[in-house]
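Trainee: query-v2.cif is the file, holding mmCIF, C-alpha atoms:
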```cif
data_upload
#
loop_
_atom_site.label_atom_id
_atom_site.label_comp_id
_atom_site.auth_asym_id
_atom_site.auth_seq_id
_atom_site.Cartn_x
_atom_site.Cartn_y
_atom_site.Cartn_z
CA GLY A 26 83.41 62.51 -102.54
CA ALA A 27 83.99 60.37 -99.46
CA GLY A 28 87.55 59.88 -98.34
CA VAL A 29 89.14 57.02 -96.43
CA SER A 30 87.30 56.33 -93.23
CA GLN A 31 88.57 54.48 -90.17
CA THR A 32 86.73 53.17 -87.14
CA PRO A 33 86.91 53.50 -84.25
CA SER A 34 88.63 56.87 -84.01
CA ASN A 35 89.89 55.95 -80.54
CA LYS A 36 90.34 52.58 -78.90
CA VAL A 37 91.44 52.00 -75.32
CA THR A 38 92.15 48.44 -74.33
CA GLU A 39 93.94 46.48 -71.66
CA LYS A 40 97.19 44.64 -72.12
CA GLY A 41 96.59 41.16 -73.45
CA LYS A 42 93.26 41.94 -75.15
CA TYR A 43 92.40 41.50 -78.84
CA VAL A 44 91.49 44.51 -81.02
CA GLU A 45 90.21 45.03 -84.54
CA LEU A 46 90.66 48.25 -86.47
CA ARG A 47 88.61 48.90 -89.60
CA CYS A 48 89.44 50.81 -92.78
CA ASP A 49 87.00 51.75 -95.52
CA PRO A 50 89.01 52.94 -98.56
CA ILE A 51 87.97 55.30 -101.34
CA SER A 52 85.61 53.53 -103.72
CA GLY A 53 87.49 52.04 -106.67
CA HIS A 54 90.92 52.15 -105.06
CA THR A 55 92.49 48.74 -105.47
CA ALA A 56 95.55 49.39 -103.30
CA LEU A 57 95.25 49.64 -99.51
CA TYR A 58 97.98 50.27 -96.97
CA TRP A 59 98.26 50.13 -93.20
CA TYR A 60 100.78 52.27 -91.36
CA ARG A 61 101.61 52.80 -87.70
CA GLN A 62 102.56 56.25 -86.44
CA SER A 63 104.09 56.56 -82.99
CA LEU A 64 104.28 59.89 -81.20
CA GLY A 65 106.81 62.19 -82.83
CA GLN A 66 107.48 59.79 -85.71
CA GLY A 67 106.44 59.50 -89.32
CA PRO A 68 104.16 56.71 -90.51
CA GLU A 69 105.82 53.28 -90.68
CA PHE A 70 104.62 50.79 -93.27
CA LEU A 71 102.88 47.66 -92.00
CA ILE A 72 101.13 45.89 -94.89
CA TYR A 73 99.98 46.49 -98.47
CA PHE A 74 96.98 44.92 -100.22
CA GLN A 75 96.45 44.82 -103.95
CA GLY A 76 92.84 43.71 -104.26
CA THR A 77 92.12 40.93 -101.77
CA GLY A 78 95.67 39.67 -101.35
CA ALA A 79 98.42 40.94 -99.10
CA ALA A 80 101.12 41.82 -101.64
CA ASP A 81 103.62 42.85 -98.95
CA ASP A 82 103.32 42.20 -95.22
CA SER A 83 106.99 42.76 -94.44
CA GLY A 84 106.23 45.66 -92.10
CA LEU A 85 104.12 43.68 -89.64
CA PRO A 86 106.23 43.64 -86.44
CA ASN A 87 105.36 40.10 -85.32
CA ASP A 88 102.75 37.39 -85.61
CA ARG A 89 100.37 39.15 -83.21
CA PHE A 90 99.48 41.45 -86.10
CA PHE A 91 97.30 40.29 -88.97
CA ALA A 92 95.21 42.05 -91.60
CA VAL A 93 92.52 40.95 -94.05
CA ARG A 94 90.67 42.42 -96.99
CA PRO A 95 88.30 39.61 -97.99
CA GLU A 96 86.30 41.42 -100.69
CA GLY A 97 88.93 43.80 -101.93
CA SER A 98 87.39 46.82 -100.26
CA VAL A 99 87.13 47.14 -96.46
CA SER A 100 90.16 45.97 -94.50
CA THR A 101 90.55 44.97 -90.86
CA LEU A 102 93.80 45.11 -88.92
CA LYS A 103 93.78 42.62 -86.07
CA ILE A 104 96.11 42.72 -83.07
CA GLN A 105 96.20 39.80 -80.64
CA ARG A 106 97.51 39.90 -77.07
CA THR A 107 98.05 43.64 -77.19
CA GLU A 108 101.09 45.13 -75.49
CA ARG A 109 101.70 48.65 -74.21
CA GLY A 110 104.22 49.15 -77.01
CA ASP A 111 101.40 48.71 -79.55
CA SER A 112 99.99 52.10 -78.51
CA ALA A 113 100.10 54.35 -81.56
CA VAL A 114 97.93 55.84 -84.29
CA TYR A 115 97.13 53.25 -86.96
CA LEU A 116 96.67 54.89 -90.35
CA CYS A 117 95.06 53.43 -93.42
CA ALA A 118 95.63 54.75 -96.95
CA SER A 119 94.30 53.81 -100.35
CA SER A 120 95.35 54.56 -103.91
CA LEU A 121 94.83 53.70 -107.52
CA VAL A 122 97.76 51.75 -108.87
CA SER A 123 99.41 52.93 -112.08
CA ALA A 124 100.29 50.72 -115.01
CA SER A 125 103.83 50.41 -113.66
CA GLY A 126 102.48 49.09 -110.37
CA ALA A 127 104.58 51.59 -108.46
CA ARG A 128 103.37 52.02 -104.92
CA ALA A 129 104.42 55.64 -104.74
CA ASP A 130 101.25 56.75 -106.50
CA THR A 131 99.26 59.24 -104.49
CA GLN A 132 98.04 57.65 -101.29
CA TYR A 133 95.01 59.11 -99.55
CA PHE A 134 95.09 58.70 -95.80
CA GLY A 135 92.29 58.26 -93.34
CA PRO A 136 92.22 60.08 -89.99
CA GLY A 137 93.63 57.08 -88.14
CA THR A 138 92.65 55.05 -85.12
CA ARG A 139 94.38 56.07 -81.90
CA LEU A 140 95.06 52.86 -79.98
CA THR A 141 95.96 53.05 -76.31
CA VAL A 142 96.96 49.88 -74.49
CA LEU A 143 96.84 50.25 -70.71
CA GLN B 17 121.82 56.10 -89.93
CA LYS B 18 118.13 56.28 -90.81
CA GLU B 19 117.22 56.30 -94.50
CA VAL B 20 115.43 59.65 -94.15
CA GLU B 21 116.43 62.35 -91.65
CA GLN B 22 114.19 65.28 -90.77
CA ASP B 23 114.53 67.80 -87.95
CA PRO B 24 111.41 67.46 -85.78
CA GLY B 25 111.37 71.13 -84.72
CA PRO B 26 109.26 72.78 -83.54
CA LEU B 27 109.85 75.65 -85.93
CA SER B 28 108.10 78.93 -85.10
CA VAL B 29 108.03 81.80 -87.59
CA PRO B 30 105.97 85.01 -87.85
CA GLU B 31 103.08 85.24 -90.28
CA GLY B 32 104.22 86.29 -93.76
CA ALA B 33 107.72 84.84 -93.43
CA ILE B 34 109.27 82.37 -95.83
CA VAL B 35 109.54 78.89 -94.32
CA SER B 36 112.21 76.39 -95.32
CA LEU B 37 111.75 72.71 -94.43
CA ASN B 38 114.38 70.12 -95.27
CA CYS B 39 115.19 66.43 -95.34
CA THR B 40 118.29 64.43 -96.11
CA TYR B 41 118.40 60.84 -97.23
CA SER B 42 120.92 58.08 -97.73
CA ASN B 43 119.38 55.78 -100.36
CA SER B 44 120.52 56.89 -103.82
CA ALA B 45 117.78 54.76 -105.40
CA PHE B 46 115.07 57.17 -104.24
CA GLN B 47 113.52 58.92 -107.23
CA TYR B 48 110.08 60.02 -106.08
CA PHE B 49 109.93 62.71 -103.41
CA MET B 50 106.83 63.85 -101.59
CA TRP B 51 105.76 66.35 -98.95
CA TYR B 52 102.77 65.61 -96.77
CA ARG B 53 101.02 67.99 -94.37
CA GLN B 54 99.45 66.58 -91.23
CA TYR B 55 97.17 68.57 -88.97
CA SER B 56 96.72 67.49 -85.37
CA ARG B 57 94.57 64.36 -85.05
CA LYS B 58 94.29 64.01 -88.83
CA GLY B 59 95.88 61.77 -91.44
CA PRO B 60 98.69 63.04 -93.70
CA GLU B 61 97.63 64.89 -96.85
CA LEU B 62 99.83 64.95 -99.95
CA LEU B 63 100.98 68.50 -100.72
CA MET B 64 103.45 68.04 -103.55
CA TYR B 65 105.55 65.44 -105.28
CA THR B 66 108.50 65.55 -107.65
CA TYR B 67 110.34 63.01 -109.73
CA SER B 68 114.13 63.03 -109.66
CA SER B 69 115.93 66.37 -109.32
CA GLY B 70 114.63 69.87 -109.90
CA ASN B 71 112.04 72.31 -108.66
CA LYS B 72 108.27 72.28 -108.65
CA GLU B 73 106.04 75.19 -107.71
CA ASP B 74 102.39 75.13 -106.67
CA GLY B 75 100.99 78.41 -105.41
CA ARG B 76 102.87 79.44 -102.25
CA PHE B 77 104.71 76.10 -102.11
CA THR B 78 107.96 75.17 -103.86
CA ALA B 79 109.60 71.75 -103.65
CA GLN B 80 113.27 71.30 -104.51
CA VAL B 81 115.26 68.11 -104.93
CA ASP B 82 119.06 67.94 -105.11
CA LYS B 83 119.92 64.30 -105.75
CA SER B 84 123.65 64.99 -105.84
CA SER B 85 123.48 66.15 -102.22
CA LYS B 86 120.62 63.80 -101.24
CA TYR B 87 118.73 66.81 -99.94
CA ILE B 88 115.15 67.94 -100.46
CA SER B 89 113.41 71.14 -99.42
CA LEU B 90 109.94 72.61 -99.17
CA PHE B 91 109.55 76.38 -99.18
CA ILE B 92 106.38 78.13 -98.08
CA ARG B 93 106.00 81.78 -99.09
CA ASP B 94 103.77 84.29 -97.32
CA SER B 95 103.18 81.81 -94.51
CA GLN B 96 99.75 81.83 -92.88
CA PRO B 97 98.57 80.64 -89.44
CA SER B 98 96.60 77.95 -91.29
CA ASP B 99 99.95 76.52 -92.45
CA SER B 100 100.66 75.48 -88.85
CA ALA B 101 100.94 71.69 -89.01
CA THR B 102 103.49 68.88 -89.14
CA TYR B 103 105.22 68.52 -92.50
CA LEU B 104 106.44 65.07 -93.45
CA CYS B 105 108.88 64.39 -96.23
CA ALA B 106 108.56 61.00 -97.90
CA MET B 107 110.37 59.19 -100.68
CA SER B 108 110.41 56.01 -102.69
CA ALA B 109 112.48 54.22 -105.29
CA MET B 110 109.42 53.84 -107.54
CA ASN B 111 109.86 50.17 -108.22
CA ARG B 112 106.89 47.88 -107.82
CA ASP B 113 108.03 46.51 -104.49
CA ASP B 114 109.34 49.71 -102.97
CA LYS B 115 107.70 51.24 -99.95
CA ILE B 116 107.32 54.91 -99.17
CA ILE B 117 109.71 55.92 -96.40
CA PHE B 118 108.63 58.87 -94.26
CA GLY B 119 110.69 61.32 -92.26
CA LYS B 120 109.75 62.05 -88.65
CA GLY B 121 108.01 65.27 -89.60
CA THR B 122 108.73 68.90 -88.67
CA ARG B 123 106.21 70.71 -86.47
CA LEU B 124 105.63 74.21 -87.84
CA HIS B 125 103.96 77.07 -85.97
CA ILE B 126 103.08 80.27 -87.81
CA LEU B 127 102.65 83.06 -85.29
CA PRO B 128 99.93 85.64 -86.10
#
```
Produce structure tokens that represent the structure in this file.

Mentor:
Amino acid sequence: GAGVSQTPSNKVTEKGKYVELRCDPISGHTALYWYRQSLGQGPEFLIYFQGTGAADDSGLPNDRFFAVRPEGSVSTLKIQRTERGDSAVYLCASSLVSASGARADTQYFGPGTRLTVL
Amino acid sequence: QKEVEQDPGPLSVPEGAIVSLNCTYSNSAFQYFMWYRQYSRKGPELLMYTYSSGNKEDGRFTAQVDKSSKYISLFIRDSQPSDSATYLCAMSAMNRDDKIIFGKGTRLHILP
């Protein structure tokens, strides 16, 4: 079946511009996660959605970053006034959530969006 | 000290060799331990997971967890060139609000 898809695969923008990154999770997965992966690093948690609501946004680095999931499926990560330090691969993952609600249940990752801020 | 430490490599071994990949961690609350494989320009893919201490085997892959030493390992037997990738360890405390914490990843090259 279809996996997690992310668009665009690459995004080049200029410092100060606004960008939107899209994630389409696996059908039926209620949990959705955004991560940021810088070169030579592991993924770092940004935000977690359970359904339509952001259950945990503690990983968002500052108020330039915002994410939505209005219908509980597709999610958009929005970055305002981009800075060169925002350059990274932005990964989206989705999962089913077990009865315990534990977030360590198997997460399926998309291929990521490579963001370059010039 | 970071919560999860992983040597970034690169690690180069000849085809057919046994590969040993390792991570150490500092948070004794971690109970769920994972290994992800990430090919270049792709997202991470879950290889194996274990709860608490012990060993788990899946084909050529064996995961070991030693909670007393806060040390986890992934062994790959009969390594193949197609195993060349970055291997990320990851762990979580398994409570509702706990995030998955990833290591930096180890780049592995299997030489034909």

Trainee: Report, as JSON, the centre and edge lengths in Å (one decimal) of the axis-aligned box enclosing every listed atom of region 37-52 of chain A, padded by 6 Å on each side.

Mentor:
```
{"center_x": 91.4, "center_y": 48.2, "center_z": -87.7, "size_x": 23.6, "size_y": 26.1, "size_z": 44.1}
```

Trainee: Counting all atoms listed in the file, give me one row per residue of chain B with an atom at most 8 Å from an atom of chain A, showing the shortest contact pair and its distance in Å to one decimal, sorted by chain then residue number, as a Markdown table.

Mentor:
```
| residue | atom | partner | partner_atom | distance |
| --- | --- | --- | --- | --- |
| B:Pro24 | CA | A:Gly65 | CA | 7.6 |
| B:Tyr48 | CA | A:Ala129 | CA | 7.3 |
| B:Arg57 | CA | A:Pro136 | CA | 6.9 |
| B:Lys58 | CA | A:Pro136 | CA | 4.6 |
| B:Gly59 | CA | A:Pro136 | CA | 4.3 |
| B:Pro60 | CA | A:Phe134 | CA | 6.0 |
| B:Glu61 | CA | A:Phe134 | CA | 6.8 |
| B:Leu62 | CA | A:Thr131 | CA | 7.3 |
| B:Leu104 | CA | A:Gly67 | CA | 6.9 |
| B:Ser108 | CA | A:Ala129 | CA | 6.3 |
| B:Met110 | CA | A:Ala127 | CA | 5.4 |
| B:Asn111 | CA | A:Ala127 | CA | 5.5 |
| B:Arg112 | CA | A:Ala127 | CA | 4.4 |
| B:Asp113 | CA | A:Arg128 | CA | 7.2 |
| B:Asp114 | CA | A:Arg128 | CA | 6.7 |
| B:Lys115 | CA | A:Arg128 | CA | 6.6 |
| B:Ile116 | CA | A:Ala129 | CA | 6.3 |
| B:Ile117 | CA | A:Glu69 | CA | 7.4 |
| B:Phe118 | CA | A:Gly67 | CA | 5.4 |
| B:Gly119 | CA | A:Gly67 | CA | 5.5 |
| B:Lys120 | CA | A:Gly67 | CA | 4.2 |
| B:Gly121 | CA | A:Gly67 | CA | 6.0 |
```

Trainee: Please evaluate the PyMOL selection byres ((chain B and resi 84) around 12) against the displayed coordinates and give the resulting residues as JSON, numbers by chain.

Mentor: {"B": [40, 41, 42, 43, 44, 45, 46, 47, 68, 69, 70, 81, 82, 83, 85, 86, 87, 88]}

Trainee: How many Å lie between CA of Thr141 (chain A) and CA of Val93 (chain A), rounded to one decimal?

Mentor: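 Distance reported for this atom pair: 21.7 Å.
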
Trainee: Just how far from CA of Ile34 (chain B) is CA of Ile126 (chain B), in Å to one decimal?

Mentor: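 Taking CA of Ile126 (chain B) as the start and CA of Ile34 (chain B) as the end point, the length is 10.3 Å.
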
Trainee: Between CA of Thr102 (chain B) and CA of Gln80 (chain B), what distance in Å does the model show, to one decimal?

Mentor: 18.4 Å

Trainee: What residues come out when you apply the PyMOL selection byres ((chain A and resi 104) around 9) to this file, written as a tab-separated table (two decimals) with C-alpha atoms, keeping the file's coordinate frame?

Mentor:
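Dumped to out_2.tsv:
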```
chain	number	residue	atom	x	y	z
A	42	LYS	CA	93.26	41.94	-75.15
A	43	TYR	CA	92.40	41.50	-78.84
A	44	VAL	CA	91.49	44.51	-81.02
A	45	GLU	CA	90.21	45.03	-84.54
A	46	LEU	CA	90.66	48.25	-86.47
A	88	ASP	CA	102.75	37.39	-85.61
A	89	ARG	CA	100.37	39.15	-83.21
A	90	PHE	CA	99.48	41.45	-86.10
A	91	PHE	CA	97.30	40.29	-88.97
A	92	ALA	CA	95.21	42.05	-91.60
A	102	LEU	CA	93.80	45.11	-88.92
A	103	LYS	CA	93.78	42.62	-86.07
A	105	GLN	CA	96.20	39.80	-80.64
A	106	ARG	CA	97.51	39.90	-77.07
A	107	THR	CA	98.05	43.64	-77.19
A	111	ASP	CA	101.40	48.71	-79.55
```

Trainee: List the spatial neighbours of Gln96 (chain B) as a VMD selection string - criterion: any atom at most 9 Å away, all atoms listed in the file, same-chain residues fewer than 3 positions off excluded.

Mentor: chain B and resid 30 to 33 93 99 to 100 126 to 128

Trainee: Can you pull out every residue within 8 Å of region 63-66 of chain B, counting all atoms listed in the file, but drop anything in the same chain fewer than 6 positions away, and send it as number ranges by chain?

Mentor: B: 48-53, 72, 74, 79, 81

Trainee: With all atoms listed in the file as the atoms that count, which of A:Thr32, A:Thr55, A:Ser120, A:Thr38 lies nearest to Arg94 (chain A)?

Mentor: A:Thr55
